[in-house]
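Enquirer: Sharing run_2.txt below, compact mmCIF, C-alpha atoms:
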```txt
# COMPACT_ATOMS: atom_id res chain seq x y z
CA MET A 647 36.28 73.40 99.63
CA LEU A 648 37.45 71.44 102.65
CA GLU A 649 40.41 73.76 103.00
CA ASP A 650 38.04 76.72 102.88
CA ARG A 651 35.91 75.22 105.63
CA ARG A 652 39.00 74.78 107.79
CA LEU A 653 40.08 78.32 107.04
CA ILE A 654 36.63 79.60 108.00
CA ALA A 655 36.72 77.64 111.26
CA ARG A 656 40.08 79.22 112.10
CA PHE A 657 38.84 82.61 110.92
CA ASN A 658 35.81 82.33 113.21
CA ALA A 659 38.18 81.46 116.06
CA GLY A 660 39.99 84.76 115.49
CA ASP A 661 43.05 83.49 113.62
CA THR A 662 44.46 86.40 111.59
CA GLU A 663 46.73 84.04 109.68
CA ALA A 664 43.62 82.33 108.31
CA LEU A 665 42.31 85.71 107.20
CA ARG A 666 45.59 86.42 105.40
CA ARG A 667 45.44 82.99 103.73
CA ILE A 668 41.89 83.62 102.51
CA TYR A 669 42.93 86.98 101.12
CA GLU A 670 46.01 85.59 99.38
CA LYS A 671 44.00 82.75 97.92
CA TYR A 672 41.24 84.83 96.38
CA LYS A 673 42.60 88.34 95.94
CA SER A 674 43.34 87.90 92.23
CA ASP A 675 39.78 86.75 91.56
CA LEU A 676 38.35 89.59 93.61
CA PHE A 677 40.42 92.21 91.83
CA ARG A 678 39.49 90.71 88.46
CA VAL A 679 35.78 90.86 89.31
CA ALA A 680 36.01 94.44 90.56
CA GLY A 681 38.15 95.35 87.56
CA GLY A 682 35.49 94.00 85.24
CA LEU A 683 32.87 96.27 86.75
CA LEU A 684 34.93 99.40 87.41
CA HIS A 685 37.41 101.28 85.29
CA ASP A 686 39.20 103.25 87.96
CA SER A 687 41.96 101.33 89.73
CA ALA A 688 41.35 103.24 92.99
CA ALA A 689 37.66 102.34 92.85
CA VAL A 690 38.58 98.71 92.19
CA GLU A 691 40.82 98.70 95.25
CA ASP A 692 38.11 100.33 97.34
CA ALA A 693 35.52 97.77 96.29
CA VAL A 694 37.80 94.87 97.25
CA HIS A 695 38.78 96.66 100.45
CA ASP A 696 35.20 97.31 101.56
CA ALA A 697 34.00 93.83 100.71
CA PHE A 698 36.88 92.11 102.46
CA VAL A 699 36.68 94.29 105.56
CA ALA A 700 32.92 93.62 105.72
CA PHE A 701 33.66 89.90 105.47
CA ALA A 702 36.28 90.17 108.25
CA SER A 703 33.78 91.88 110.53
CA GLN A 704 31.73 88.70 110.55
CA ALA A 705 34.50 86.79 112.34
CA GLY A 706 33.08 84.57 115.03
CA GLN A 707 29.70 84.09 113.41
CA PHE A 708 30.35 83.63 109.70
CA GLU A 709 28.52 80.67 108.17
CA LEU A 710 29.70 79.45 104.81
CA LYS A 711 26.91 78.61 102.40
CA GLY A 712 28.18 77.61 98.98
CA SER A 713 31.75 78.42 98.05
CA LEU A 714 33.86 81.00 99.81
CA LYS A 715 35.14 82.29 96.52
CA GLY A 716 31.59 82.72 95.24
CA TYR A 717 30.57 84.55 98.38
CA LEU A 718 33.54 86.93 98.32
CA ALA A 719 33.30 87.52 94.58
CA SER A 720 29.58 88.34 94.87
CA CYS A 721 30.26 90.76 97.73
CA VAL A 722 32.91 92.51 95.66
CA ALA A 723 30.63 92.55 92.61
CA ASN A 724 27.76 94.07 94.59
CA ARG A 725 29.99 96.77 96.01
CA ALA A 726 31.58 97.45 92.66
CA ARG A 727 28.19 97.67 91.02
CA ASN A 728 26.96 100.19 93.57
CA ALA A 729 30.15 102.22 93.45
CA GLY A 730 30.37 102.03 89.69
CA ARG A 731 27.01 103.48 88.72
CA GLN A 732 28.46 106.92 88.15
CA ASP A 733 31.64 105.51 86.67
CA ARG A 734 29.55 103.44 84.30
CA ARG A 735 27.62 106.47 83.11
CA ARG A 736 30.89 108.31 82.50
CA SER A 737 32.36 105.38 80.58
CA MET A 738 29.29 105.13 78.39
CA GLN A 739 29.60 108.81 77.52
CA ASP A 740 33.32 108.60 76.80
CA SER A 741 33.34 105.34 74.87
CA PRO A 742 31.29 103.97 72.02
CA GLY A 743 28.24 102.29 73.57
CA PRO A 744 26.65 99.00 72.65
CA GLY A 745 24.27 100.82 70.35
CA GLN A 746 27.13 102.08 68.21
CA PRO A 747 29.06 98.99 67.11
CA PRO A 748 32.12 100.08 65.16
CA ASP A 749 33.12 98.35 62.02
CA SER A 750 35.71 95.70 62.90
CA SER A 751 37.67 96.53 59.78
CA GLU A 752 38.36 99.94 61.31
CA LEU A 753 40.03 98.45 64.37
CA ALA A 754 43.57 99.73 64.48
CA SER A 755 44.84 97.99 67.59
CA ASP A 756 44.10 95.56 70.41
CA ALA A 757 43.66 98.54 72.72
CA GLU A 758 40.73 99.76 70.68
CA LEU A 759 39.24 96.29 70.58
CA HIS A 760 39.53 95.98 74.33
CA ALA A 761 37.98 99.42 74.80
CA MET A 762 35.06 98.27 72.66
CA VAL A 763 34.60 95.12 74.72
CA ARG A 764 34.73 97.09 77.96
CA ALA A 765 32.23 99.58 76.58
CA ALA A 766 29.95 96.78 75.44
CA LEU A 767 30.19 95.22 78.89
CA ALA A 768 29.43 98.56 80.48
CA GLY A 769 26.36 98.89 78.33
CA LEU A 770 24.74 95.70 79.58
CA ALA A 771 22.05 95.64 82.24
CA PRO A 772 23.72 95.68 85.70
CA GLU A 773 22.54 92.17 86.69
CA GLN A 774 23.62 90.72 83.38
CA ARG A 775 26.98 92.44 83.52
CA GLN A 776 27.56 91.23 87.07
CA ALA A 777 26.72 87.64 86.10
CA ILE A 778 29.15 87.76 83.17
CA VAL A 779 31.92 89.26 85.27
CA LEU A 780 31.41 86.64 88.00
CA HIS A 781 31.36 83.86 85.42
CA VAL A 782 34.16 84.97 83.10
CA LEU A 783 36.48 86.91 85.41
CA GLY A 784 35.60 85.32 88.74
CA SER A 785 35.50 81.81 87.20
CA LEU A 786 32.29 81.03 89.09
CA PRO A 787 30.07 78.27 87.70
CA PHE A 788 26.46 79.09 86.81
CA ARG A 789 25.16 77.25 89.85
CA GLU A 790 27.28 79.34 92.23
CA ILE A 791 26.22 82.58 90.56
CA ALA A 792 22.59 81.52 90.81
CA ARG A 793 23.07 80.64 94.48
CA GLN A 794 24.64 84.02 95.23
CA THR A 795 22.09 86.01 93.26
CA GLY A 796 19.13 83.88 94.29
CA GLU A 797 18.09 83.18 90.72
CA SER A 798 17.43 80.02 88.75
CA VAL A 799 20.39 78.55 86.90
CA ASN A 800 18.63 77.61 83.67
CA THR A 801 16.02 80.25 83.29
CA VAL A 802 17.98 83.34 84.18
CA THR A 803 21.71 83.01 84.67
CA ARG A 804 22.65 80.82 81.74
CA ALA A 805 20.43 82.73 79.33
CA ASP A 806 21.55 86.10 80.68
CA ILE A 807 25.20 85.26 80.32
CA GLY A 808 24.70 83.86 76.83
CA ARG A 809 22.87 86.97 75.64
CA GLY A 810 25.35 89.23 77.41
CA LEU A 811 28.34 87.54 75.83
CA ARG A 812 26.83 87.91 72.39
CA GLY A 813 26.27 91.58 73.21
CA CYS A 814 29.96 91.98 73.96
CA ASP A 815 31.10 90.51 70.65
CA PRO A 816 32.65 93.34 68.60
CA TYR A 817 32.61 91.32 65.36
CA MET B 597 37.82 78.91 68.82
CA ASN B 598 34.03 79.05 69.15
CA GLY B 599 32.13 82.29 69.74
CA PRO B 600 31.54 82.26 73.52
CA LYS B 601 35.09 81.14 74.27
CA ARG B 602 36.52 83.85 72.03
CA ILE B 603 34.38 86.52 73.70
CA LYS B 604 35.31 85.28 77.15
CA ASN B 605 38.99 85.53 76.26
CA LEU B 606 38.43 89.01 74.89
CA ILE B 607 36.71 90.07 78.09
CA ARG B 608 39.52 88.56 80.19
CA THR B 609 42.13 90.43 78.19
CA ALA B 610 40.16 93.66 78.08
CA CYS B 611 39.62 93.64 81.85
CA ARG B 612 43.15 92.69 82.79
CA MET B 613 43.60 96.17 84.20
CA SER B 614 43.48 96.32 88.01
CA SER B 615 43.46 92.57 88.22
CA GLY B 616 45.77 92.61 91.26
CA GLY B 617 48.32 90.04 90.28
CA SER B 618 50.16 87.71 92.56
CA ASP B 619 52.60 90.40 93.73
CA TRP B 620 52.04 91.77 97.20
CA THR B 621 51.37 95.51 97.03
CA ALA B 622 50.72 98.39 99.40
CA ALA B 623 47.03 98.03 98.57
CA ASP B 624 47.10 94.43 99.77
CA GLU B 625 48.75 95.54 103.01
CA ARG B 626 46.10 98.20 103.55
CA ILE B 627 43.22 95.85 102.86
CA LEU B 628 44.58 93.09 105.04
CA SER B 629 45.50 95.44 107.85
CA ASP B 630 42.00 96.98 107.95
CA ALA B 631 40.39 93.55 107.64
CA SER B 632 42.50 92.19 110.52
CA ALA B 633 41.47 95.13 112.71
CA ALA B 634 37.81 94.57 111.80
CA MET B 635 38.17 90.88 112.53
CA ARG B 636 39.72 91.45 115.96
CA GLN B 637 36.98 93.94 116.84
CA ALA B 638 34.27 91.57 115.67
CA HIS B 639 35.80 88.71 117.60
CA THR B 640 35.90 90.77 120.80
CA ASP B 641 32.30 91.90 120.30
CA ASN B 642 31.14 88.36 119.59
CA GLN B 643 32.87 87.05 122.69
CA ARG B 644 31.07 89.68 124.74
CA VAL B 645 27.76 88.66 123.22
CA THR B 646 28.54 85.01 123.93
CA ARG B 647 29.32 85.75 127.55
CA ILE B 648 26.03 87.59 127.95
CA GLY B 649 24.37 84.67 126.20
CA VAL B 650 25.84 82.26 128.75
CA ARG B 651 24.53 84.36 131.61
CA ARG B 652 21.13 84.49 130.00
CA THR B 653 21.19 80.71 129.68
CA ILE B 654 22.07 80.40 133.34
CA MET B 655 19.21 82.65 134.36
CA GLU B 656 16.80 80.78 132.08
CA SER B 657 17.42 77.58 134.03
CA ARG B 658 14.39 77.01 136.28
CA ILE B 659 16.45 75.52 139.06
CA THR B 660 19.01 78.28 139.06
CA LYS B 661 16.32 80.91 138.87
CA TYR B 662 14.50 79.52 141.90
CA SER B 663 17.76 79.05 143.76
CA VAL B 664 18.80 82.60 143.07
CA ALA B 665 15.34 83.84 144.03
CA ALA B 666 15.61 81.99 147.33
CA THR B 667 19.04 83.42 147.97
CA VAL B 668 17.97 86.94 147.17
CA LEU B 669 15.03 86.46 149.52
CA VAL B 670 17.46 85.46 152.24
CA ALA B 671 19.52 88.56 151.50
CA ALA B 672 16.40 90.72 151.52
CA SER B 673 15.30 89.30 154.85
CA LEU B 674 18.78 89.90 156.24
CA VAL B 675 18.48 93.57 155.33
CA LEU B 676 14.87 93.76 156.44
CA PHE B 677 15.11 91.98 159.76
CA ASP B 678 18.87 91.89 160.26
CA PRO B 679 18.46 89.20 162.92
CA PHE B 680 22.15 88.94 163.62
CA GLY B 681 22.89 92.65 163.54
CA LEU B 682 25.10 92.08 160.55
CA PHE B 683 23.91 95.11 158.65
CA GLY B 684 23.53 97.53 161.54
CA GLY B 685 19.76 97.41 161.49
CA ARG B 686 17.43 97.21 164.46
CA HIS B 687 16.31 93.75 165.30
CA GLY B 688 13.24 92.62 167.13
CA VAL B 689 13.09 92.22 170.88
CA VAL B 690 12.51 88.49 170.52
CA LEU B 691 15.74 88.11 168.67
CA ALA B 692 17.74 90.38 170.96
CA GLU B 693 18.85 87.63 173.24
CA VAL B 694 19.86 85.42 170.32
CA ALA B 695 21.74 88.25 168.73
CA GLU B 696 23.57 88.99 171.95
CA LYS B 697 24.70 85.40 172.22
CA MET B 698 25.76 85.36 168.62
CA ASN B 699 27.81 88.48 169.08
CA GLU B 700 30.11 86.38 171.22
CA VAL B 701 31.10 84.28 168.25
CA GLN B 702 32.51 85.91 165.16
CA THR B 703 31.70 83.25 162.60
CA ILE B 704 28.80 80.84 162.41
CA THR B 705 28.28 77.90 160.09
CA HIS B 706 24.72 77.00 159.28
CA LYS B 707 23.57 73.97 157.28
CA GLU B 708 20.17 73.41 155.80
CA ARG B 709 18.40 71.30 153.22
CA ARG B 710 16.29 73.18 150.72
CA VAL B 711 13.37 71.64 148.92
CA TYR B 712 12.03 73.54 145.92
CA TYR B 713 8.47 73.02 144.70
CA GLU B 714 6.65 74.47 141.76
CA VAL B 715 3.23 75.80 142.63
CA GLY B 716 0.56 73.12 142.26
CA LYS B 717 2.99 70.22 142.11
CA GLU B 718 3.60 67.70 144.83
CA GLU B 719 6.91 66.38 143.65
CA PRO B 720 9.80 68.65 144.54
CA LEU B 721 11.64 70.25 141.68
CA LEU B 722 14.93 70.19 143.49
CA GLU B 723 16.43 69.24 146.80
CA ALA B 724 19.73 70.78 147.68
CA ASP B 725 22.08 71.03 150.62
CA VAL B 726 23.08 74.54 151.57
CA VAL B 727 25.88 75.65 153.85
CA LYS B 728 26.08 79.22 155.10
CA TYR B 729 28.97 80.98 156.74
CA LEU B 730 27.97 84.07 158.66
CA SER B 731 30.67 86.57 159.54
CA PHE B 732 29.88 89.61 161.63
CA GLU B 733 32.71 91.44 159.94
CA ARG B 734 32.15 90.53 156.30
CA GLY B 735 28.61 89.27 155.79
CA VAL B 736 27.34 85.91 154.57
CA VAL B 737 28.62 83.27 152.19
CA GLU B 738 26.11 80.68 151.06
CA GLN B 739 26.99 77.58 149.08
CA GLN B 740 24.45 75.34 147.41
CA TYR B 741 25.43 71.83 146.36
CA ASN B 742 24.25 69.49 143.63
CA GLU B 743 22.92 66.05 144.55
CA ASP B 744 26.31 64.54 143.73
CA GLY B 745 27.91 66.85 146.28
CA SER B 746 29.54 69.20 143.78
CA LEU B 747 29.20 72.92 144.32
CA LYS B 748 26.39 74.47 142.26
CA PHE B 749 26.77 78.09 143.18
CA ARG B 750 28.11 80.37 145.84
CA VAL B 751 26.55 83.60 147.01
CA HIS B 752 28.41 86.35 148.80
CA ILE B 753 26.19 88.78 150.68
CA LEU B 754 28.68 91.45 151.60
CA LYS B 755 28.38 94.18 154.18
CA GLU B 756 31.03 96.38 152.63
CA PRO B 757 30.39 97.28 149.90
CA PRO B 758 26.76 96.22 150.37
CA GLN B 759 26.16 93.89 147.46
CA ILE B 760 25.31 90.35 146.47
CA ILE B 761 27.68 88.40 144.25
CA LEU B 762 26.40 85.18 142.74
CA VAL B 763 29.10 82.85 141.47
CA PHE B 764 27.93 80.05 139.17
CA VAL B 765 30.77 77.63 139.68
CA GLU B 766 30.12 75.18 136.84
CA GLU B 767 29.58 77.91 134.30
CA LYS B 768 32.45 80.06 135.62
CA GLU B 769 30.21 83.09 135.55
CA TYR B 770 29.12 85.62 138.14
CA LEU B 771 26.50 88.28 138.66
CA LYS B 772 26.57 91.29 140.94
CA LEU B 773 23.68 93.28 142.31
CA PRO B 774 23.60 96.01 144.94
CA LEU B 775 22.22 95.22 148.38
CA THR B 776 19.99 98.16 149.15
CA ASP B 777 17.09 99.01 151.40
CA SER B 778 14.82 98.75 148.38
CA MET B 779 15.35 95.01 148.56
CA LYS B 780 13.18 94.94 151.67
CA SER B 781 10.20 94.54 149.40
CA PRO B 782 9.71 90.97 148.12
CA ARG B 783 8.22 92.56 145.03
CA VAL B 784 11.61 94.06 144.22
CA TRP B 785 13.55 90.81 144.29
CA LEU B 786 10.74 89.07 142.46
CA SER B 787 10.86 91.63 139.65
CA TRP B 788 14.65 91.46 139.69
CA THR B 789 14.70 87.71 139.15
CA ARG B 790 12.16 88.10 136.36
CA SER B 791 14.11 90.83 134.62
CA SER B 792 17.58 89.51 135.38
CA ARG B 793 18.01 88.32 131.82
CA LYS B 794 18.13 91.92 130.72
CA LYS B 795 20.35 93.02 133.54
CA ALA B 796 22.85 90.27 132.87
```
What's the structure tokens form of this structure?

Expert:
Amino acid sequence: MLEDRRLIARFNAGDTEALRRIYEKYKSDLFRVAGGLLHDSAAVEDAVHDAFVAFASQAGQFELKGSLKGYLASCVANRARNAGRQDRRRSMQDSPGPGQPPDSSELASDAELHAMVRAALAGLAPEQRQAIVLHVLGSLPFREIARQTGESVNTVTRADIGRGLRGCDPY
Amino acid sequence: MNGPKRIKNLIRTACRMSSGGSDWTAADERILSDASAAMRQAHTDNQRVTRIGVRRTIMESRITKYSVAATVLVAASLVLFDPFGLFGGRHGVVLAEVAEKMNEVQTITHKERRVYYEVGKEEPLLEADVVKYLSFERGVVEQQYNEDGSLKFRVHILKEPPQIILVFVEEKEYLKLPLTDSMKSPRVWLSWTRSSRKKA
């Protein structure tokens, strides 16, 4: 956290090395979050690209509220969610949706299991899906997700994630 | 493994695709390159905004505003009356003799003490020493000092090109405005000082 604050101070002063450090530090998380919401690798890259460039354009006046990782992950998730609406519809048509749970005994491979999980994730409500992706793939705590989404930790986020996770269970 | 943990692990494994590992790829280069360009642009823009902000702050200072107003009035009266023939205007008969004498010297130094009052108040807002250097070739330079003797600002009223340059020494900022016949009207310089925040 302290390191992030120092990086942000340098970033606001126009230090490109600080920008590179921030990217290196969080790029895996950002790609994971985008990858959880989008199925096309080019779209994933675009979502991370757009979110990070938008972040960089705030140099000089960026104010960090909460964690930097939470902020960046939420930006990526928002962009991925917007970009992925059409992709999501396509995925739901191509894959078995949450309303058609296959019999686990019929699972032939891990690939099919993973496809089921992805389809189940895709079938969740957008807000719920985003919260799960931020929590599971972005490793954000409930409090940070609530801060970024402006919702209450106990009443919305925790319950949403719990229900959503149960919805993704193929067994 | 309990239910939620097992599902979380499943999700992690299922979404491993496009997770952008630790290796540095062409995509990373593209993202970082575009972000760096955006950052540099933003930084330049923000600096510009900050500089304008500083000028606005300067012009919001009551003392500076009155000082500048007084200086612009001096400049306006120089254009209007041109008592020393600096700006090629016609001067009054009364001043003709003075002007003739002054033509013999090329540069004059003039010192004065300015006392600024706000309307309706007895106590002066500011007292300042002012030194002016009048050059028949170049124009006028006026320097106003703080009470501790440090230079507050310097004003250049130039003949060629006809313009006023205000240099705020402490703030390391300056403002330029054209010196035109329109400045003969006190209303013009009054409206200029009022709207200078926008012009800056």

Enquirer: For atom CA of B:Arg734 and atom CA of B:Ser663, determine how far apart the two atoms are, in Å to one decimal place.

Expert: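 Calculated distance between atom CA of B:Arg734 and atom CA of B:Ser663 is 22.3 Å.
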
Enquirer: Please measure the separation of atom CA of A:Ala719 and atom CA of A:Leu676, giving the value in Å to one decimal.

Expert: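 Spanning atom CA of A:Ala719 to atom CA of A:Leu676 is a straight-line distance of 5.5 Å.
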
Enquirer: Of the candidates A:Ala768, A:Ala697, A:Leu780, A:Leu759, which shows the shortest atom-to-atom distance to A:Cys721, using only C-alpha atoms?

Expert: A:Ala697

Enquirer: Which residues of chain A sit at most 9 Å from chain B, using all atoms listed in the file? Give each one's shortest atom pair and distance in Å (one decimal place), in chain and ascending residue order, as JSON lines.

Expert:
```
{"residue": "A:Phe657", "atom": "CA", "partner": "B:Met635", "partner_atom": "CA", "distance": 8.5}
{"residue": "A:Asn658", "atom": "CA", "partner": "B:His639", "partner_atom": "CA", "distance": 7.7}
{"residue": "A:Ala659", "atom": "CA", "partner": "B:His639", "partner_atom": "CA", "distance": 7.8}
{"residue": "A:Gly660", "atom": "CA", "partner": "B:His639", "partner_atom": "CA", "distance": 6.1}
{"residue": "A:Asp661", "atom": "CA", "partner": "B:Met635", "partner_atom": "CA", "distance": 8.9}
{"residue": "A:Thr662", "atom": "CA", "partner": "B:Ser632", "partner_atom": "CA", "distance": 6.2}
{"residue": "A:Leu665", "atom": "CA", "partner": "B:Ser632", "partner_atom": "CA", "distance": 7.3}
{"residue": "A:Arg666", "atom": "CA", "partner": "B:Leu628", "partner_atom": "CA", "distance": 6.8}
{"residue": "A:Tyr669", "atom": "CA", "partner": "B:Leu628", "partner_atom": "CA", "distance": 7.4}
{"residue": "A:Glu670", "atom": "CA", "partner": "B:Ser618", "partner_atom": "CA", "distance": 8.3}
{"residue": "A:Lys673", "atom": "CA", "partner": "B:Gly616", "partner_atom": "CA", "distance": 7.1}
{"residue": "A:Ser674", "atom": "CA", "partner": "B:Gly616", "partner_atom": "CA", "distance": 5.4}
{"residue": "A:Asp675", "atom": "CA", "partner": "B:Ser615", "partner_atom": "CA", "distance": 7.7}
{"residue": "A:Leu676", "atom": "CA", "partner": "B:Ser615", "partner_atom": "CA", "distance": 8.0}
{"residue": "A:Phe677", "atom": "CA", "partner": "B:Ser615", "partner_atom": "CA", "distance": 4.7}
{"residue": "A:Arg678", "atom": "CA", "partner": "B:Ser615", "partner_atom": "CA", "distance": 4.4}
{"residue": "A:Val679", "atom": "CA", "partner": "B:Ser615", "partner_atom": "CA", "distance": 7.9}
{"residue": "A:Ala680", "atom": "CA", "partner": "B:Ser615", "partner_atom": "CA", "distance": 8.0}
{"residue": "A:Gly681", "atom": "CA", "partner": "B:Ser614", "partner_atom": "CA", "distance": 5.4}
{"residue": "A:Gly682", "atom": "CA", "partner": "B:Cys611", "partner_atom": "CA", "distance": 5.4}
{"residue": "A:Leu683", "atom": "CA", "partner": "B:Cys611", "partner_atom": "CA", "distance": 8.7}
{"residue": "A:His685", "atom": "CA", "partner": "B:Met613", "partner_atom": "CA", "distance": 8.1}
{"residue": "A:Asp686", "atom": "CA", "partner": "B:Ser614", "partner_atom": "CA", "distance": 8.1}
{"residue": "A:Ser687", "atom": "CA", "partner": "B:Ser614", "partner_atom": "CA", "distance": 5.5}
{"residue": "A:Ala688", "atom": "CA", "partner": "B:Ser614", "partner_atom": "CA", "distance": 8.8}
{"residue": "A:Val690", "atom": "CA", "partner": "B:Ser614", "partner_atom": "CA", "distance": 6.9}
{"residue": "A:Glu691", "atom": "CA", "partner": "B:Ala623", "partner_atom": "CA", "distance": 7.1}
{"residue": "A:Asp692", "atom": "CA", "partner": "B:Ile627", "partner_atom": "CA", "distance": 8.8}
{"residue": "A:Val694", "atom": "CA", "partner": "B:Ile627", "partner_atom": "CA", "distance": 7.9}
{"residue": "A:His695", "atom": "CA", "partner": "B:Ile627", "partner_atom": "CA", "distance": 5.1}
{"residue": "A:Asp696", "atom": "CA", "partner": "B:Ile627", "partner_atom": "CA", "distance": 8.3}
{"residue": "A:Phe698", "atom": "CA", "partner": "B:Ala631", "partner_atom": "CA", "distance": 6.4}
{"residue": "A:Val699", "atom": "CA", "partner": "B:Ala631", "partner_atom": "CA", "distance": 4.3}
{"residue": "A:Ala700", "atom": "CA", "partner": "B:Ala631", "partner_atom": "CA", "distance": 7.7}
{"residue": "A:Phe701", "atom": "CA", "partner": "B:Ala631", "partner_atom": "CA", "distance": 8.0}
{"residue": "A:Ala702", "atom": "CA", "partner": "B:Met635", "partner_atom": "CA", "distance": 4.7}
{"residue": "A:Ser703", "atom": "CA", "partner": "B:Met635", "partner_atom": "CA", "distance": 4.9}
{"residue": "A:Gln704", "atom": "CA", "partner": "B:Ala638", "partner_atom": "CA", "distance": 6.4}
{"residue": "A:Ala705", "atom": "CA", "partner": "B:Met635", "partner_atom": "CA", "distance": 5.5}
{"residue": "A:Gly706", "atom": "CA", "partner": "B:His639", "partner_atom": "CA", "distance": 5.6}
{"residue": "A:Gln707", "atom": "CA", "partner": "B:Asn642", "partner_atom": "CA", "distance": 7.6}
{"residue": "A:Asp756", "atom": "CA", "partner": "B:Ala610", "partner_atom": "CA", "distance": 8.8}
{"residue": "A:Ala757", "atom": "CA", "partner": "B:Ala610", "partner_atom": "CA", "distance": 8.0}
{"residue": "A:Leu759", "atom": "CA", "partner": "B:Ala610", "partner_atom": "CA", "distance": 8.0}
{"residue": "A:His760", "atom": "CA", "partner": "B:Ala610", "partner_atom": "CA", "distance": 4.5}
{"residue": "A:Ala761", "atom": "CA", "partner": "B:Ala610", "partner_atom": "CA", "distance": 7.0}
{"residue": "A:Met762", "atom": "CA", "partner": "B:Ala610", "partner_atom": "CA", "distance": 8.8}
{"residue": "A:Val763", "atom": "CA", "partner": "B:Ile607", "partner_atom": "CA", "distance": 6.4}
{"residue": "A:Arg764", "atom": "CA", "partner": "B:Ala610", "partner_atom": "CA", "distance": 6.4}
{"residue": "A:Leu767", "atom": "CA", "partner": "B:Ile607", "partner_atom": "CA", "distance": 8.3}
{"residue": "A:Ile778", "atom": "CA", "partner": "B:Lys604", "partner_atom": "CA", "distance": 9.0}
{"residue": "A:Val779", "atom": "CA", "partner": "B:Ile607", "partner_atom": "CA", "distance": 8.7}
{"residue": "A:Val782", "atom": "CA", "partner": "B:Lys604", "partner_atom": "CA", "distance": 6.1}
{"residue": "A:Leu783", "atom": "CA", "partner": "B:Arg608", "partner_atom": "CA", "distance": 6.3}
{"residue": "A:Gly808", "atom": "CA", "partner": "B:Pro600", "partner_atom": "CA", "distance": 7.8}
{"residue": "A:Leu811", "atom": "CA", "partner": "B:Ile603", "partner_atom": "CA", "distance": 6.5}
{"residue": "A:Arg812", "atom": "CA", "partner": "B:Pro600", "partner_atom": "CA", "distance": 7.4}
{"residue": "A:Cys814", "atom": "CA", "partner": "B:Ile603", "partner_atom": "CA", "distance": 7.0}
{"residue": "A:Asp815", "atom": "CA", "partner": "B:Ile603", "partner_atom": "CA", "distance": 6.0}
{"residue": "A:Pro816", "atom": "CA", "partner": "B:Ile603", "partner_atom": "CA", "distance": 8.7}
```

Enquirer: Find the distance between atom CA of B:Asn742 and atom CA of B:Pro757 and write it in Å to one decimal.

Expert: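 So the answer is 29.1 Å.
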
Enquirer: A:Gly716, A:Asn724, A:Ile654, A:Ala729: which is nearest A:Phe788, counting only C-alpha atoms?

Expert: A:Gly716

Enquirer: Closest to B:Glu756 among B:Tyr712, B:Val736, B:Pro720, B:Lys728, using all atoms listed in the file?

Expert: B:Val736

Enquirer: When distances are computed from all atoms listed in the file, which of B:Thr621, B:Leu762, B:Ala666, B:Glu733 shows the smallest separation from B:Tyr713?

Expert: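 The closest residue to B:Tyr713 is B:Ala666.
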